[in-house]
Number of protein chains: 6
Amino acid sequence: MSVVVRNIRRTDSAVAEGYAGIGVATVHEAQGRKGLLASYMRPIYRPCHIVGTAVTCEMAPGDNWMLHVAVEQCKKGDILVAAPTSPCQDGYFGELIATQLQTRGVLGLILEAGCRDVSELTKMQFPVWSKAVFSQGTVKETVGNVNIPIVCAGQLINPGDLIVADDDGVVVVRRKEAADVLRMSREREDKEAKSRQRYLKGELSLDVNNMRAKLAERGLNWLDNPPED
Amino acid sequence: MSVVVRNIRRTDSAVAEGYAGIGVATVHEAQGRKGLLASYMRPIYRPCHIVGTAVTCEMAPGDNWMLHVAVEQCKKGDILVAAPTSPCQDGYFGELIATQLQTRGVLGLILEAGCRDVSELTKMQFPVWSKAVFSQGTVKETVGNVNIPIVCAGQLINPGDLIVADDDGVVVVRRKEAADVLRMSREREDKEAKSRQRYLKGELSLDVNNMRAKLAERGLNWLDNPPED
Amino acid sequence: MSVVVRNIRRTDSAVAEGYAGIGVATVHEAQGRKGLLASYMRPIYRPCHIVGTAVTCEMAPGDNWMLHVAVEQCKKGDILVAAPTSPCQDGYFGELIATQLQTRGVLGLILEAGCRDVSELTKMQFPVWSKAVFSQGTVKETVGNVNIPIVCAGQLINPGDLIVADDDGVVVVRRKEAADVLRMSREREDKEAKSRQRYLKGELSLDVNNMRAKLAERGLNWLDNPPED
Amino acid sequence: MSVVVRNIRRTDSAVAEGYAGIGVATVHEAQGRKGLLASYMRPIYRPCHIVGTAVTCEMAPGDNWMLHVAVEQCKKGDILVAAPTSPCQDGYFGELIATQLQTRGVLGLILEAGCRDVSELTKMQFPVWSKAVFSQGTVKETVGNVNIPIVCAGQLINPGDLIVADDDGVVVVRRKEAADVLRMSREREDKEAKSRQRYLKGELSLDVNNMRAKLAERGLNWLDNPPED
Amino acid sequence: MSVVVRNIRRTDSAVAEGYAGIGVATVHEAQGRKGLLASYMRPIYRPCHIVGTAVTCEMAPGDNWMLHVAVEQCKKGDILVAAPTSPCQDGYFGELIATQLQTRGVLGLILEAGCRDVSELTKMQFPVWSKAVFSQGTVKETVGNVNIPIVCAGQLINPGDLIVADDDGVVVVRRKEAADVLRMSREREDKEAKSRQRYLKGELSLDVNNMRAKLAERGLNWLDNPPED
Amino acid sequence: MSVVVRNIRRTDSAVAEGYAGIGVATVHEAQGRKGLLASYMRPIYRPCHIVGTAVTCEMAPGDNWMLHVAVEQCKKGDILVAAPTSPCQDGYFGELIATQLQTRGVLGLILEAGCRDVSELTKMQFPVWSKAVFSQGTVKETVGNVNIPIVCAGQLINPGDLIVADDDGVVVVRRKEAADVLRMSREREDKEAKSRQRYLKGELSLDVNNMRAKLAERGLNWLDNPPED
């Protein structure tokens with residue numbers, strides 16, 4: 001049975017807004033190095049940086065029908081996350097669906113397939129992270145699912161999870177963990193800001209993080225004289 | 001026998017000029033979703049958009065000699081389309097051949113191999129769609145063919161066919177179909193412009209294109225209550 | 001045994017500075033088409049162009065500890081070249097190590113792995129050539145080596161070798177050959193500048209380089225009449 | 001927090017045994033074309049065919065420590081399913097862990113990474129489906145998780161789910177759906193056996209499945225005369 | 001318009017039978033190093049070796065409907081050659097269509113997509129050269145074309161062309177050139193048999209083919225003393 | 001300058017013979033997890049296992065001329081190791097050069113390119129580890145080098161180094177380290193044989209290698225009750 005689940009529970013919008021300015025690498029580290037989508041998910045233009053709540057869409061290969069269905073379930077602050085049930089790089093998405101999404105306040109699209117109209121999407125400033133840029137047309141024959149848990153680019157995405165996407169890629173945060181991860185991300189940012197100041201003055205992470213003793217213990221040696229030529 | 005065919009029949013220049021401003025995705029759809037080159041053919045800079053007539057060049061792997069030969073067969077409004085006889089990403093093409101082509105009024109290059117001097121080519125605004133950016137040098141030892149039908153990035157390209165290339169990729173239109181495809185592309189653009197206006201006002205493609213009944217008939221269900229956590 | 005070799009012999013800085021403005025393709029050709037790193041090594045932003053002396057770093061897969069160690073061995077005019085001992089695209093490098101390197105006058109990083117914080121690195125103008133953009137975090141558990149000969153992206157890199165990197169990719173020049181290759185690169189540039197002037201006037205490389213006789217000898221034929229449709 | 005969950009609920013063993021002789025393609029179709037792992041998961045030898053219950057293992061990249069931990073949670077009739085948290089093809093698994101597993105009655109391993117000792121594993125007849133054959137050694141430094149839900153080769157795998165693996169690849173069946181899918185798989189096999197008998201007599205699926213009218217309706221035409229040469 | 005062309009002209013069967021025992025590499029070389037399909041087309045079992053006439057089939061991505069249509073156009077001595085219109089590795093083909101084809105005397109399948117039931121196909125000894133082994137199911141919604149020229153794995157295939165496929169891969173020979181290529185293949189085989197006899201006695205191709213002078217002329221030097229360690 | 005170095009120093013033949021029966025994984029681990037060639041180097045048939053001394057060959061892309069030159073430098077107990085100067089999967093090697101090599105007592109070929117005639121090579125039992133099976137013909141136009149240090153599949157190979165190749169892949173051992181690595185490989189084999197005996201009796205590596213305390217210290221927890229469904 002194919003379903004469209006309406007009225008999903010979303011990550012609290014105040015929490016989502018709190019992530020403004022926090023990047024993918026920071027969030028990924030703060031939540032214990034998990035949730036990162038595969039590296040082949042690249043933004044169609046740069047720079048770009050969005051944070052929002054996931055509406056999920058599972059599609060047949062070469063068939064973008066469910067994207068049209070998913071649009072209706074999206075609202076302001078959402079990010080649409082879509083994946084085919086078998087690997088496909090066809091051009092599922094272009095300017096016309098983007099116009100519908102942007103009109104509804106949707107922030108962007110995470111698409112494990114191909115994207116087209118990238119020139120127009122860049123002008124519209126509607127960001128897409130995709131597996132390929134490819135115009136290959138799709139059909140509208142087979143139904144799929146909206147707002148069920150899906151696997152996209154190697155990660156499980158639940159409807160309502162928080163998505164952070166920037167020039168580095170895409171990371172997912174579980175809805176119930178989003179507030180905690182926000183707090184830890186900010187702590188990490190503060191800590192990194194302090195380290196950065198010391199590094200700008202010429203200090204080394206070797207010293208700032210007390211690595212020398214542990215390195216020696218693991219067997220590292222420093223040699224002063226390279227061999228003769 | 002290796003040949004260079006001179007005086008090929010080209011797509012009518014008035015028809016080619018009519019394609020100005022029409023993108024790859026539109027043309028591909030308008031002609032029935034055919035003719036699209038593989039997604040690994042990417043432009044070396046963006047934005048870029050050209051339309052012209054194909055001069056074809058078949059080369060030995062790692063050998064760019066025939067590109068030099070092909071230059072002479074190119075004239076104003078042409079696009080050179082080149083492919084090796086076995087997969088190769090060596091740097092067949094750079095600034096010096098580009099200078100010759102641009103001086104003759106050639107609009108760009110479609111190259112199923114590697115391209116180099118991309119910084120200079122960007123400054124010159126001579127666009128190349130290639131499989132890789134790679135400087136690896138080539139030799140000049142083996143002859144090939146110019147202006148015979150070739151397979152480039154998965155598509156058959158005949159000399160004189162119309163080529164459309166933009167940020168989305170590359171599509172080929174048969175010479176004899178180019179006028180018809182132009183008309184259908186314009187019709188498609190008009191139709192899309194109308195849809196876009198409706199989408200900007202908040203209408204959905206689900207309604208504009210009457211999809212709801214067909215979706216239900218294929219088994220799609222809408223559920224209001226997500227399961228409890 | 002894991003080692004850090006200090007006080008390596010570097011390519012003479014006057015020689016290195018002489019390469020300013022000379023691109024990867026030219027250097028690669030001038031030294032006999034050798035030394036080019038694999039085409040998957042791409043810059044995180046463009047345009048970019050650096051020339052400097054290699055400090056090498058061999059790391060465990062998924063472990064960026066040795067990058068922290070390598071920083072201390074780098075000085076003004078150096079380029080850090082780092083590779084894992086088995087294929088890995090994890091995000092070994094980001095803004096914090098870049099800050100340390102840039103503060104020391106290091107010009108950039110060649111990394112056969114993943115890079116993160118690419119937005120920040122672009123703002124800092126610290127160029128990185130990497131195999132992927134990927135945030136996946138790494139650990140600090142296993143020691144490796146600094147300033148031993150390493151293989152990076154298919155090429156042997158010795159500490160102190162000269163590295164040239166630009167929009168086209170990365171090439172290595174042996175320390176002892178750097179002065180000779182500089183001279184040959186300049187000669188090549190001069191020769192190309194002359195050819196470019198002739199091409200801008202409409203001359204062809206077919207004639208400038210006397211190719212026609214050799215082409216005919218190898219079996220190339222020119223045909224005037226394409227077959228009928 | 002890293003965890004090892006003991007005493008997982010497994011698919012009923014009588015149900016699992018019922019799948020004997022039923023292949024991956026049949027199961028995948030019978031459950032509605034879902035659950036298939038990515039095509040890069042290939043068996044190290046052929047023919048091979050196993051059905052069993054999943055014990056899951058999430059590992060750090062380049063670190064096989066958790067495989068040793070997972071062995072203890074496996075029992076007769078299980079299949080170990082293991083994946084790293086970022087892409088890695090290192091050689092996580094060889095003869096020694098296989099010996100432990102086989103001694104416990106474990107049927108095989110699904111490994112989204114590299115496998116080594118394939119010659120010995122073939123002699124032992126311990127089948128492995130892996131992403132690569134690669135000897136690259138791993139470390140034992142970082143803990144992960146056993147028997148939590150994991151994503152392996154693009155599919156969500158829960159502990160206790162049913163795994164079917166053969167020469168065609170690997171498919172997962174949810175524990176609670178395994179009995180139903182078994183029934184539907186058998187129905188499909190019966191239906192296919194009947195079709196096969198008809199095909200062996202020269203009948204065509206075009207007729208057996210009444211496709212001709214629908215094909216014509218969708219626009220297919222039969223032409224008798226090919227164009228002249 | 002989608003078409004099925006009946007009654008195609010095929011390579012003469014006596015010529016096709018003459019190729020028995022002649023391998024892909026020989027035919028490819030004999031016809032001037034052309035016609036070789038991409039290296040990702042691999043046989044599902046080895047050894048295998050077939051020669052026959054092409055029936056071509058163009059399919060939608062993820063849709064194997066046209067394979068069923070194509071079966072009817074195949075007869076004894078044919079090889080079915082099928083490719084989707086955009087890249088797809090779904091499992092288009094398995095035991096049931098194979099049974100229909102084998103019953104009609106078809107020799108094998110060349111499929112630029114995924115193949116399933118490879119265990120059963122091996123038992124049946126029905127060889128398939130495919131891009132992947134993958135069970136992913138397909139739909140039957142979109143019509144395509146049978147017996148038009150198609151591009152498969154980088155090569156243009158015309159209906160009726162001769163196909164040679166073995167453990168090394170697949171090569172296509174134009175129908176009108178098949179008799180000439182057969183003659184040249186046999187000459188090549190005779191020549192190679194003579195060389196093989198000389199090599200078995202210890203002679204070198206350097207001498208048998210008089211390469212030494214040309215090598216020296218191109219700049220090769222023999223050095224007797226390796227550098228000291 | 002292109003050179004052929006004669007009379008290279010080889011790893012002692014008694015040492016090389018001592019490696020008989022020791023596999024790639026063992027040698028790789030015994031020498032500290034280094035020297036392993038990339039995982040895309042796969043044997044053309046299995047099982048296979050050879051140990052010998054490297055003769056190295058650097059070739060132009062698409063040009064196998066230097067293989068013919070290298071044959072003469074090979075003698076009994078050698079393994080030829082060959083790589084092109086830019087990535088290429090053309091079919092550099094087949095039955096005729098294999099006949100010459102086998103007649104001289106050469107044990108096999110490591111080839112970072114394509115191999116053809118794999119059916120004949122299997123019958124001859126001449127093993128090849130290659131990047132691809134591909135018949136694409138090569139030319140004989142450009143000279144390269146024999147018996148200089150080369151990079152093959154990511155590893156530096158010196159002439160005379162020891163090569164071990166089996167079903168798992170290929171590893172290189174430095175000539176001067178070969179005796180030590182042999183001793184360590186044997187020690188490793190002895191240790192593994194003892195572990196295997198314990199595992200066959202049902203003991204676990206967790207206990208045999210005392211991992212439990214370290215696992216707990218790194219934060220691993222065992223939970224007895226899975227969450228309810």
# chains A, B, ... in the order shown; residues from 1 in each chain; ligands from 1
$ residues_around --residues "segment 70-83 of chain E" --least-positions-apart "4" --cutoff "8 Å" --atoms "only C-alpha atoms" --output "PyMOL selection string"
(chain D and resi 204) or (chain E and resi 4+6-7+13+51-59+66+97+100-101+104-113+146+150-153+163)
$ interface_residues --of "chain B" --to "chain C" --cutoff "6 Å" --atoms "only C-alpha atoms" --output "number ranges by chain"
B: 2-6, 100, 103, 116, 134-135, 137
$ write_last_selection --atoms "N, CA, C and O atoms" --output "PDB file, in the first residue's frame"
ATOM      1  N   SER B   2      40.994   6.328 -42.877  1.00  0.00           N
ATOM      2  CA  SER B   2      40.634   7.506 -42.085  1.00  0.00           C
ATOM      3  C   SER B   2      40.242   8.648 -43.019  1.00  0.00           C
ATOM      4  O   SER B   2      40.922   8.897 -44.006  1.00  0.00           O
ATOM      5  N   VAL B   3      39.150   9.314 -42.693  1.00  0.00           N
ATOM      6  CA  VAL B   3      38.668  10.362 -43.597  1.00  0.00           C
ATOM      7  C   VAL B   3      38.319  11.660 -42.859  1.00  0.00           C
ATOM      8  O   VAL B   3      37.979  11.645 -41.682  1.00  0.00           O
ATOM      9  N   VAL B   4      38.425  12.744 -43.613  1.00  0.00           N
ATOM     10  CA  VAL B   4      37.904  14.050 -43.208  1.00  0.00           C
ATOM     11  C   VAL B   4      36.856  14.433 -44.236  1.00  0.00           C
ATOM     12  O   VAL B   4      37.198  14.617 -45.410  1.00  0.00           O
ATOM     13  N   VAL B   5      35.615  14.509 -43.828  1.00  0.00           N
ATOM     14  CA  VAL B   5      34.563  14.880 -44.774  1.00  0.00           C
ATOM     15  C   VAL B   5      34.378  16.396 -44.728  1.00  0.00           C
ATOM     16  O   VAL B   5      34.132  16.970 -43.677  1.00  0.00           O
ATOM     17  N   ARG B   6      34.515  17.013 -45.898  1.00  0.00           N
ATOM     18  CA  ARG B   6      34.345  18.472 -46.005  1.00  0.00           C
ATOM     19  C   ARG B   6      32.925  18.803 -46.464  1.00  0.00           C
ATOM     20  O   ARG B   6      32.218  17.939 -46.974  1.00  0.00           O
ATOM     21  N   GLN B 100      42.222  28.973 -31.807  1.00  0.00           N
ATOM     22  CA  GLN B 100      41.933  28.757 -33.230  1.00  0.00           C
ATOM     23  C   GLN B 100      40.423  28.659 -33.483  1.00  0.00           C
ATOM     24  O   GLN B 100      39.898  29.237 -34.429  1.00  0.00           O
ATOM     25  N   THR B 103      38.575  32.021 -32.915  1.00  0.00           N
ATOM     26  CA  THR B 103      38.877  32.937 -34.013  1.00  0.00           C
ATOM     27  C   THR B 103      37.992  32.633 -35.233  1.00  0.00           C
ATOM     28  O   THR B 103      37.624  33.521 -35.998  1.00  0.00           O
ATOM     29  N   ARG B 116      42.015  20.818 -20.382  1.00  0.00           N
ATOM     30  CA  ARG B 116      42.952  21.538 -19.521  1.00  0.00           C
ATOM     31  C   ARG B 116      42.922  23.036 -19.836  1.00  0.00           C
ATOM     32  O   ARG B 116      42.155  23.452 -20.687  1.00  0.00           O
ATOM     33  N   PHE B 134      41.667  17.636 -16.690  1.00  0.00           N
ATOM     34  CA  PHE B 134      42.893  16.859 -16.499  1.00  0.00           C
ATOM     35  C   PHE B 134      43.925  17.367 -17.494  1.00  0.00           C
ATOM     36  O   PHE B 134      43.638  17.535 -18.675  1.00  0.00           O
ATOM     37  N   SER B 135      45.151  17.567 -17.008  1.00  0.00           N
ATOM     38  CA  SER B 135      46.201  18.136 -17.860  1.00  0.00           C
ATOM     39  C   SER B 135      47.001  17.105 -18.631  1.00  0.00           C
ATOM     40  O   SER B 135      47.830  17.473 -19.458  1.00  0.00           O
ATOM     41  N   GLY B 137      49.069  15.147 -20.859  1.00  0.00           N
ATOM     42  CA  GLY B 137      49.376  15.409 -22.257  1.00  0.00           C
ATOM     43  C   GLY B 137      49.068  14.236 -23.175  1.00  0.00           C
ATOM     44  O   GLY B 137      49.044  13.086 -22.741  1.00  0.00           O
TER      45      GLY B 137
END
$ select_by_dssp --residues "segment 6-182 of chain B" --states "strand (DSSP E)" --output "number ranges by chain"
B: 42-43, 49-59, 78-84, 91-93, 108-115, 128-133, 145-146, 150-152, 155-157, 162-166, 169-173
$ atom_distance --atom1 "atom CA of Gly160 of chain D" --atom2 "atom CA of Thr142 of chain D"
24.7 Å
$ atom_distance --atom1 "atom CA of Val15 of chain B" --atom2 "atom CA of Val172 of chain B"
14.1 Å
$ atom_distance --atom1 "atom CA of Ala20 of chain C" --atom2 "atom CA of Tyr45 of chain B"
23.6 Å
